[in-house]
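Please read the structure below before turning to the comments.
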Amino acid sequence: MREMIISELSQALHDIARGFAHFLPRLIVMLILAAVGWVIAYVLKVALRSVLRLVKFDKLSENAGASQLLTKAALPSATEMLSRFVFWVSWLGFILLGVSVLGILGLQEQVARFFLFLPRLFVAVFIMFFGLLAASFFSRAALLAAVNANVPSPRILSLAVRSVIIVFVLSIVFEELGLAEETMLVAFGIAFGALMFGLAIAFGMGGQDLARRFLEKKIIRRKEEENHDELSPL
Amino acid sequence: MAEENFLTDDFLRQLMNVGEVDILVGLPTHNNAKTVGSVVQTIQSGILHGFPRERAVIINADGGSRDGTPELVTGISIDDMRPASNLNSLRTLHSISTTYGNSPASGAALRTILAAAELLRAKACVVMSPESANIEPEWLPKLLRPIYDDGFDLVTPTYRRHKFEGQLITNLVYPMTRALYGLRIREAYSPEFGFSSRLGSQFLAQNAWNDGTEGAGVELLFTLAAITGRSRICQSFLGEKDSVERRGADLVPALRQTVGALFSTMEPAFPAWSAITGSEPTPTTGADQEVLLEPLRVNRKRLRNMFSTGVVELGSVFQAILSPSTQAELQRIALLGEEDFHYPAELWVRTVYEFAASYQKSVISRDHIIQALAPLFRGRVLTFLMENRTASARDVENNIESLCLEFERLKPYLLEMWKSGE
Amino acid sequence: MPLNSDPLWYKDAIIYQVHVRTFHDSNGDGIGDFQGLEEKLDYLQELGINAIWLMPFFPSPLRDDGYDIADYNAVHPSYGTLEDFRKFLESAHDRGIRVIIELVSNHTSDQHPWFQESRSSRDNPRRDWYVWSDTDTRYKGARIIFLDTEKSNWAWDPISKSFYWHRFFSHQPDLNYDNPAVREQMWNVMKFWLEIGVDAFRLDAVPYLVEREGTNCENLPETHDVLKELRRKLDENFPGRMLLAEANQWPADLRPYFGNGDEFHMAFHFPLMPRMFMGLKLEDRKPITEILQQTPEIPPSCQWSLFLRNHDELTLEMVTNVERDYMYDTYAANKTMRLNLGIRRRLAPLLANDRRRMELMNGMLMSLPGTPIVYYGDEIGMGDNINLGDRNGVRTPMQWNGESNAGFSTAAPERLYAPLIQDPVYGYPAVNAFRQRASEHSLLNWMRSIIAVRRSTAVFGRGSIEFLYPANHRILAYVRQLGNEMVLAVNNLSSTAQAVELDLRRYKGNILIEMFGKNLFPRVGDLPYLLTLGPYQFYWFRLRRI
């Protein structure tokens, strides 16, 4: 009995050792790939960081308002973030490559899917970035215009513009990433449509008088102010 | 080089037929049918009385009018086909017209006029505005004589105005131009000015037509070109400034045209203005500009409110543009009541200089920087009104002069701001 | 060569204006005479002119160069006898040259027997032959013509102790045309000369014949009646003779002098002449086209008379003040040249002796509608002497050759009626007919050729005129037409080369034939006709459809 256990055990050990011996080279390859990947990723990160510094990427992201978001989240600057992002993604890519070498079946499929997903991720980041830029620009433009036209609550208007744009951008990003895309779009559509519908009802029916008085006051007051007591600046 | 393709064949043919002239009057138009007829007649009268023996031509550069403006201008030629009934002229006085585009662009209009002046070898030229309802025939010789007789290169006008009108000029454009470039030119970008062919050709050759000068304030650029090119400049008093354009809502476009042009030229002209300190007076002919003093109702409350609202609501924008101390000061002032309101000259100068520096660095979109200046300007206007409520003409002038000196005094601060963060 | 019998001969005439005193002296007394003039008829025939206008040669104290007449029916002894005149006239007619003489109808010299009688006493039968007054306040509306010498139109006569009327010099009392005897006598004077064979009269100073209170005493209807009467008698008794009016008036005021073809045959177009000079200096055709646009139509039998210069000053009466100042400043900067609201200079000095400008002006003279008059000496480009008083600077002896006295006279130089022009540029050794005849490209030979071209067609003298208005205002262009004959004249008034596009669509299909060289120019098509002209250049083109 004892001998059978010992022989099974030793057989099993033997198998494990053989399996391990089989596996070891692949593991070593994977580690090598990971190391090489780390080096390459690091080089990429440094190179990208220099390039971004050269084109003053930080300034652009400042304009986008992205920098402010980052500082609020106590994150480092945009250049740094992007460089690190590229570093991690590259390294991860190499690691995954290594993992695929290991030959673990299920993983390989996931790895392939990951690599397919990568370009869309980049595009999404890209859209997000420029979306933030546009949102910042247009919200500021709206703010200035409202202030100069003496419209009440300009900041709310500016915020509204920024929100609309960001929501819109987000919905596109989600669609790009393939995350609940239809839901997002539909949600956006519903929200926007509802807003418009609500305003229409408010001004068209329920708040007629209020709207009328509101508009009259706005327009007539504006006209009065414009017609006299105004100097020409030139 | 692009010049020969810029003028159409038809216009070139018209220029051929006019031949060499001594005096050239440029008239940029766009849908001015209401006023252009009487303006052209006044111009003709001015030429025939002021320069009866000289060869003259009126060049109309039109930006795609749809109301028959060009035909109105050319229909008033004086030649043997259309002799002037009441004006006795020795010679033919041509009025020719060309359309430079489908929409008005003062840069393209000026370029057309300068090209015509060069090809026709005009000795003295003047650009007039088709909307001046107050124009008198004497304005022509007043702008032309210093060039024709005394060899000046640029003649800018001065006007009789109400003491509270034109504050963008008296509180910003004039003091700043003066501090930057060292010359006291009151109206640096008026739509009416006289210039010599030498200056016109110089400006034409600079070929600065492709960098957005098609729209904003090309007259200011012209004046600046004259200043930096060390041309001889003088001022000539014309008369009462037309007050048809009394619309306060046009502040932002006015800012873009004047301050925008001023700021945008600071970078390329840096070597020129950075070395200058102080300023010199410009020779002036005719009466010293006069100031009308009759009481004028102004909505001060609105001005104050727009200032305060601006300071508060645009806080995030100002953070990017102004220094923290300036912004803090402004916030303090925004809390003052109407009677205590005071936007001191020194603070105003700092504000403007910080804006100029931020503009140069493009901390945010440059157009947004200009727009952000509007509420602050309104605050300054309010202070100016309050300070000069009962002031005499001389007092107003003295106040403007002291503001100018403040601009000059703080010029090192501008240089400091300009250079930091480079 | 007999004279042609065309009653409208004056429309084809080229007139040569000359004073017999200035032309040629045959008897060595230093003054030109009729025999001398007769000797030079070959020269004139060669030049190509076919009519001579003689300045007054009647007996006269010569205080106004012969315009102060002391005897209407004789010849001043300095110029010869009546017989000399007859012989000259015959010789001229033999060469096909007609003769126009002066009839100074408005006034006489105060030495005339008529005036001597008239002033002798208030009861003299000829008292009313002149215009007398006890005061000098009548006819206040009349302007003074000789502004530089006269202060009033009335002069005091110490003999009859009253004032007499004179529109010109005070020694030229005006005849009184309200008196039928005066009118009768004037006709008799005309008849006298017409019977001798004279072809035409230039009536001097016709606007001023009659005075009326409350008017400016010019161009009055009564004056026209007098003139119409003279014309009627002329037509009845001497058909084919001509009357030429000297009336320095605006074109609209000149029109009545033609009547309905029943008053004057011809009149001088005074206002055009200064404007031709003005257009040249301004380099702008506007003054010329404007005055011609304002010139009214005249009856078909009538004709304008055109000239560049004459014995008088270049008058600036019929221009605006701005124009007069401009002319003074550009043509007579030296104030000595100015006289009586005019400029007393000859053609060549006015044009700075510029051959091109002289050709251009003569070209316009010969192609604008009217009969041209050439002032003696201008065909060789004679100069003037502004230091001779009044208008005598332009009335110096004709320069025939470079020999003594310029070949004008054999008398001692001091005896000449006026000194010769002697400066190096215009003096007779440089400018004279002899040299110019011998030189192929002289002004004289050029004048001969242009006169020949002019005479080769009736279009210039009798045709209509249509102005083209090219956009280039330095070019004066017009088309003359008579029946099917058409001539296009294009003149460059500027001192620089010009290009011009002419709208010749009406004449599409015609070939242009340049009239001096007879070379072909391109046919007129649909496009504007492009011509380029050198400084002061002009073209005459025949339009020929073939």
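Identifiers for the structure tokens are assigned positionally: chains receive A, B, ... in sequence, residues are indexed from 1 per chain, and ligands are indexed from 1 in the order shown.
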
request  = With a cut-off of 8 Å and counting only C-alpha atoms, select all residues of chain C in contact with chain B and give the selection as a PyMOL selection string.
outcome  = chain C and resi 282+284-287+289-290+322-323+326+469+471-473+500

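Using only C-alpha atoms, the protein and nucleic acid residues lying no more than 8 Å from Met176 of chain B, apart from those fewer than 6 places from it along its own chain, are Cys404, Phe407 and Glu408 of chain B.
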
task = Output as a count of residues only all residues of segment 392-539 of chain C that backbone DSSP marks as helix (DSSP H, G or I).
result = 36

ask   = With only C-alpha atoms as the atoms that count, which of A:Ile165, A:Ala141, A:Leu33, A:Ile40 lies nearest to chain B?
value =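 Nearest to chain B: A:Ala141.
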
request  = In Å, rounded to a single decimal, give me how far atom CA of Gly383 of chain C is from atom CA of Ile343 of chain C.
outcome  =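 About the pair atom CA of Ile343 of chain C and atom CA of Gly383 of chain C: they are 14.1 Å apart.
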
Output as a PDB file with C-alpha atoms, in the first residue's frame all residues of segment 119-262 of chain B that backbone DSSP marks as strand (DSSP E).
ATOM      1  CA  ALA B 124      -0.580 112.362 -52.207  1.00  0.00           C
ATOM      2  CA  CYS B 125      -3.350 109.983 -51.259  1.00  0.00           C
ATOM      3  CA  VAL B 126      -6.168 109.966 -48.797  1.00  0.00           C
ATOM      4  CA  VAL B 127      -8.631 107.334 -47.638  1.00  0.00           C
ATOM      5  CA  LEU B 154       1.057 110.163 -42.824  1.00  0.00           C
ATOM      6  CA  VAL B 155      -1.639 112.556 -41.741  1.00  0.00           C
ATOM      7  CA  THR B 156      -4.002 111.285 -39.073  1.00  0.00           C
ATOM      8  CA  PRO B 157      -7.135 113.228 -38.204  1.00  0.00           C
ATOM      9  CA  THR B 158      -8.276 114.736 -34.958  1.00  0.00           C
ATOM     10  CA  TYR B 159     -11.898 115.487 -34.283  1.00  0.00           C
ATOM     11  CA  ARG B 160     -14.206 117.527 -32.215  1.00  0.00           C
ATOM     12  CA  ARG B 161     -15.971 115.094 -29.945  1.00  0.00           C
ATOM     13  CA  HIS B 162     -17.962 115.004 -26.799  1.00  0.00           C
ATOM     14  CA  PHE B 193      -6.248 109.487 -43.154  1.00  0.00           C
ATOM     15  CA  GLY B 194      -3.804 110.837 -45.683  1.00  0.00           C
ATOM     16  CA  PHE B 195      -0.601 109.185 -46.778  1.00  0.00           C
ATOM     17  CA  SER B 196       2.238 109.634 -49.217  1.00  0.00           C
ATOM     18  CA  ILE B 233       3.679 111.879 -39.241  1.00  0.00           C
ATOM     19  CA  CYS B 234       1.431 114.750 -38.403  1.00  0.00           C
ATOM     20  CA  GLN B 235      -2.127 115.284 -37.258  1.00  0.00           C
ATOM     21  CA  SER B 236      -4.732 117.534 -38.806  1.00  0.00           C
ATOM     22  CA  PHE B 237      -7.904 118.746 -37.174  1.00  0.00           C
ATOM     23  CA  LEU B 238     -10.910 118.005 -39.364  1.00  0.00           C
ATOM     24  CA  GLY B 239     -14.146 118.778 -37.632  1.00  0.00           C
ATOM     25  CA  GLU B 240     -16.916 117.096 -35.791  1.00  0.00           C
TER      26      GLU B 240
END

ask   = Which neighbours of Leu97 of chain A fall inside 8 Å, counting only C-alpha atoms, when residues of the same chain fewer than 2 positions from it are skipped, and could you give them as number ranges by chain?
value = A: 30, 33, 93-95, 99-101, 111

query = Using only C-alpha atoms, which residues sit within 12 Å of Val40 of chain B once same-chain residues fewer than 5 positions away are excluded, as a VMD selection string?
reply = chain B and resid 25 to 29 32 to 35 45 to 47 57 to 60 69 to 78 93 to 96 128 to 133 135 to 137 140

Taking C-alpha atoms for each residue, export the selection above as a PDB file, in the first residue's frame.
ATOM      1  CA  VAL B  25      -8.820 109.477 -53.014  1.00  0.00           C
ATOM      2  CA  GLY B  26      -9.557 105.943 -51.842  1.00  0.00           C
ATOM      3  CA  LEU B  27     -13.095 105.062 -50.841  1.00  0.00           C
ATOM      4  CA  PRO B  28     -13.744 101.579 -49.452  1.00  0.00           C
ATOM      5  CA  THR B  29     -17.444 100.734 -49.510  1.00  0.00           C
ATOM      6  CA  ASN B  32     -23.317 102.434 -48.367  1.00  0.00           C
ATOM      7  CA  ALA B  33     -25.860 103.623 -50.914  1.00  0.00           C
ATOM      8  CA  LYS B  34     -27.561 105.874 -48.395  1.00  0.00           C
ATOM      9  CA  THR B  35     -24.596 108.036 -47.644  1.00  0.00           C
ATOM     10  CA  SER B  45     -15.999 119.697 -54.185  1.00  0.00           C
ATOM     11  CA  GLY B  46     -13.002 119.437 -51.887  1.00  0.00           C
ATOM     12  CA  ILE B  47     -10.714 118.466 -54.733  1.00  0.00           C
ATOM     13  CA  VAL B  57      -9.032 110.315 -59.224  1.00  0.00           C
ATOM     14  CA  ILE B  58     -11.461 108.677 -56.816  1.00  0.00           C
ATOM     15  CA  ILE B  59     -10.831 104.939 -56.412  1.00  0.00           C
ATOM     16  CA  ASN B  60     -13.733 102.975 -54.993  1.00  0.00           C
ATOM     17  CA  THR B  69     -23.083 101.625 -54.269  1.00  0.00           C
ATOM     18  CA  PRO B  70     -20.362 101.347 -56.970  1.00  0.00           C
ATOM     19  CA  GLU B  71     -22.670 102.728 -59.636  1.00  0.00           C
ATOM     20  CA  LEU B  72     -23.447 105.689 -57.424  1.00  0.00           C
ATOM     21  CA  VAL B  73     -19.767 106.440 -57.092  1.00  0.00           C
ATOM     22  CA  THR B  74     -18.827 106.145 -60.760  1.00  0.00           C
ATOM     23  CA  GLY B  75     -21.935 107.950 -61.925  1.00  0.00           C
ATOM     24  CA  ILE B  76     -20.570 111.140 -60.449  1.00  0.00           C
ATOM     25  CA  SER B  77     -17.421 111.343 -62.604  1.00  0.00           C
ATOM     26  CA  ILE B  78     -16.645 114.739 -64.004  1.00  0.00           C
ATOM     27  CA  LEU B  93     -12.001 114.055 -62.567  1.00  0.00           C
ATOM     28  CA  HIS B  94     -12.298 110.298 -62.788  1.00  0.00           C
ATOM     29  CA  SER B  95     -14.264 108.104 -60.395  1.00  0.00           C
ATOM     30  CA  ILE B  96     -13.536 104.437 -60.975  1.00  0.00           C
ATOM     31  CA  MET B 128     -12.115 108.538 -46.777  1.00  0.00           C
ATOM     32  CA  SER B 129     -14.995 106.813 -45.085  1.00  0.00           C
ATOM     33  CA  PRO B 130     -18.224 106.438 -47.080  1.00  0.00           C
ATOM     34  CA  GLU B 131     -20.286 106.905 -43.949  1.00  0.00           C
ATOM     35  CA  SER B 132     -19.068 110.255 -42.696  1.00  0.00           C
ATOM     36  CA  ALA B 133     -22.221 112.270 -42.595  1.00  0.00           C
ATOM     37  CA  ILE B 135     -17.696 115.400 -43.978  1.00  0.00           C
ATOM     38  CA  GLU B 136     -16.793 118.848 -45.291  1.00  0.00           C
ATOM     39  CA  PRO B 137     -14.963 119.718 -48.519  1.00  0.00           C
ATOM     40  CA  LEU B 140      -9.613 116.870 -48.262  1.00  0.00           C
TER      41      LEU B 140
END

inquiry  = Which residue is closest to Leu204 of chain B? Choose from B:Leu251, B:Phe263, B:Arg111, B:Tyr174 and count only C-alpha atoms.
reply    =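 Checking each candidate against Leu204 of chain B, we get B:Arg111 as the closest.
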
query = Can you tell me, as a VMD selection string, what residues are no more than 10 Å from Asn405 of chain C when counting only C-alpha atoms, ignoring any on the same chain fewer than 6 positions away?
reply = chain C and resid 30 397 to 399 411 to 414 416 419 to 421 428 to 429

inquiry  = Please compute the atom CA of Val161 of chain A-atom CA of Leu199 of chain A distance, one decimal, in Å.
reply    =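 Distance reported for this atom pair: 15.9 Å.
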
request  = Can you work out which one of B:Gly200, B:Val36, B:Thr309, B:Pro104 has the shortest atom-to-atom distance to Ser153 of chain A, counting only C-alpha atoms?
outcome  =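 So, comparing all the options, the nearest one is B:Thr309.
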
Å distance separating atom CA of Pro535 of chain C from atom CA of Asp384 of chain C, one decimal place =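 Atom CA of Asp384 of chain C lies 25.7 Å from atom CA of Pro535 of chain C.
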
task = Find the spatial neighbours of Glu387 of chain B, counting only C-alpha atoms, within a cut-off of 9 Å - ignore same-chain residues fewer than 5 positions away - and output them as a list in words.
result =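 Contacts, with the query itself left out: Leu382, Val396 and Asn399 of chain B.
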
Could you write out that same residue set with C-alpha atoms as a compact mmCIF listing (two decimals), in the first residue's frame?
# COMPACT_ATOMS: atom_id res chain seq x y z
CA LEU B 382 -17.30 104.48 -15.34
CA VAL B 396 -10.34 116.34 -19.51
CA ASN B 399 -6.67 113.73 -17.12

task = Check the smallest atom-to-atom distance from each of B:Ala179, B:Ile321, B:Leu385, B:Leu303 to Ser279 of chain B using only C-alpha atoms, then report the winner.
result =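 Between B:Ala179, B:Ile321, B:Leu385, B:Leu303, the residue approaching Ser279 of chain B most closely is B:Ala179.
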
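In terms of minimum interatomic distance to chain B, A:Asp58 ranks closest within A:Asp58, A:Glu176, A:Asp15, A:Glu8, counting only C-alpha atoms.
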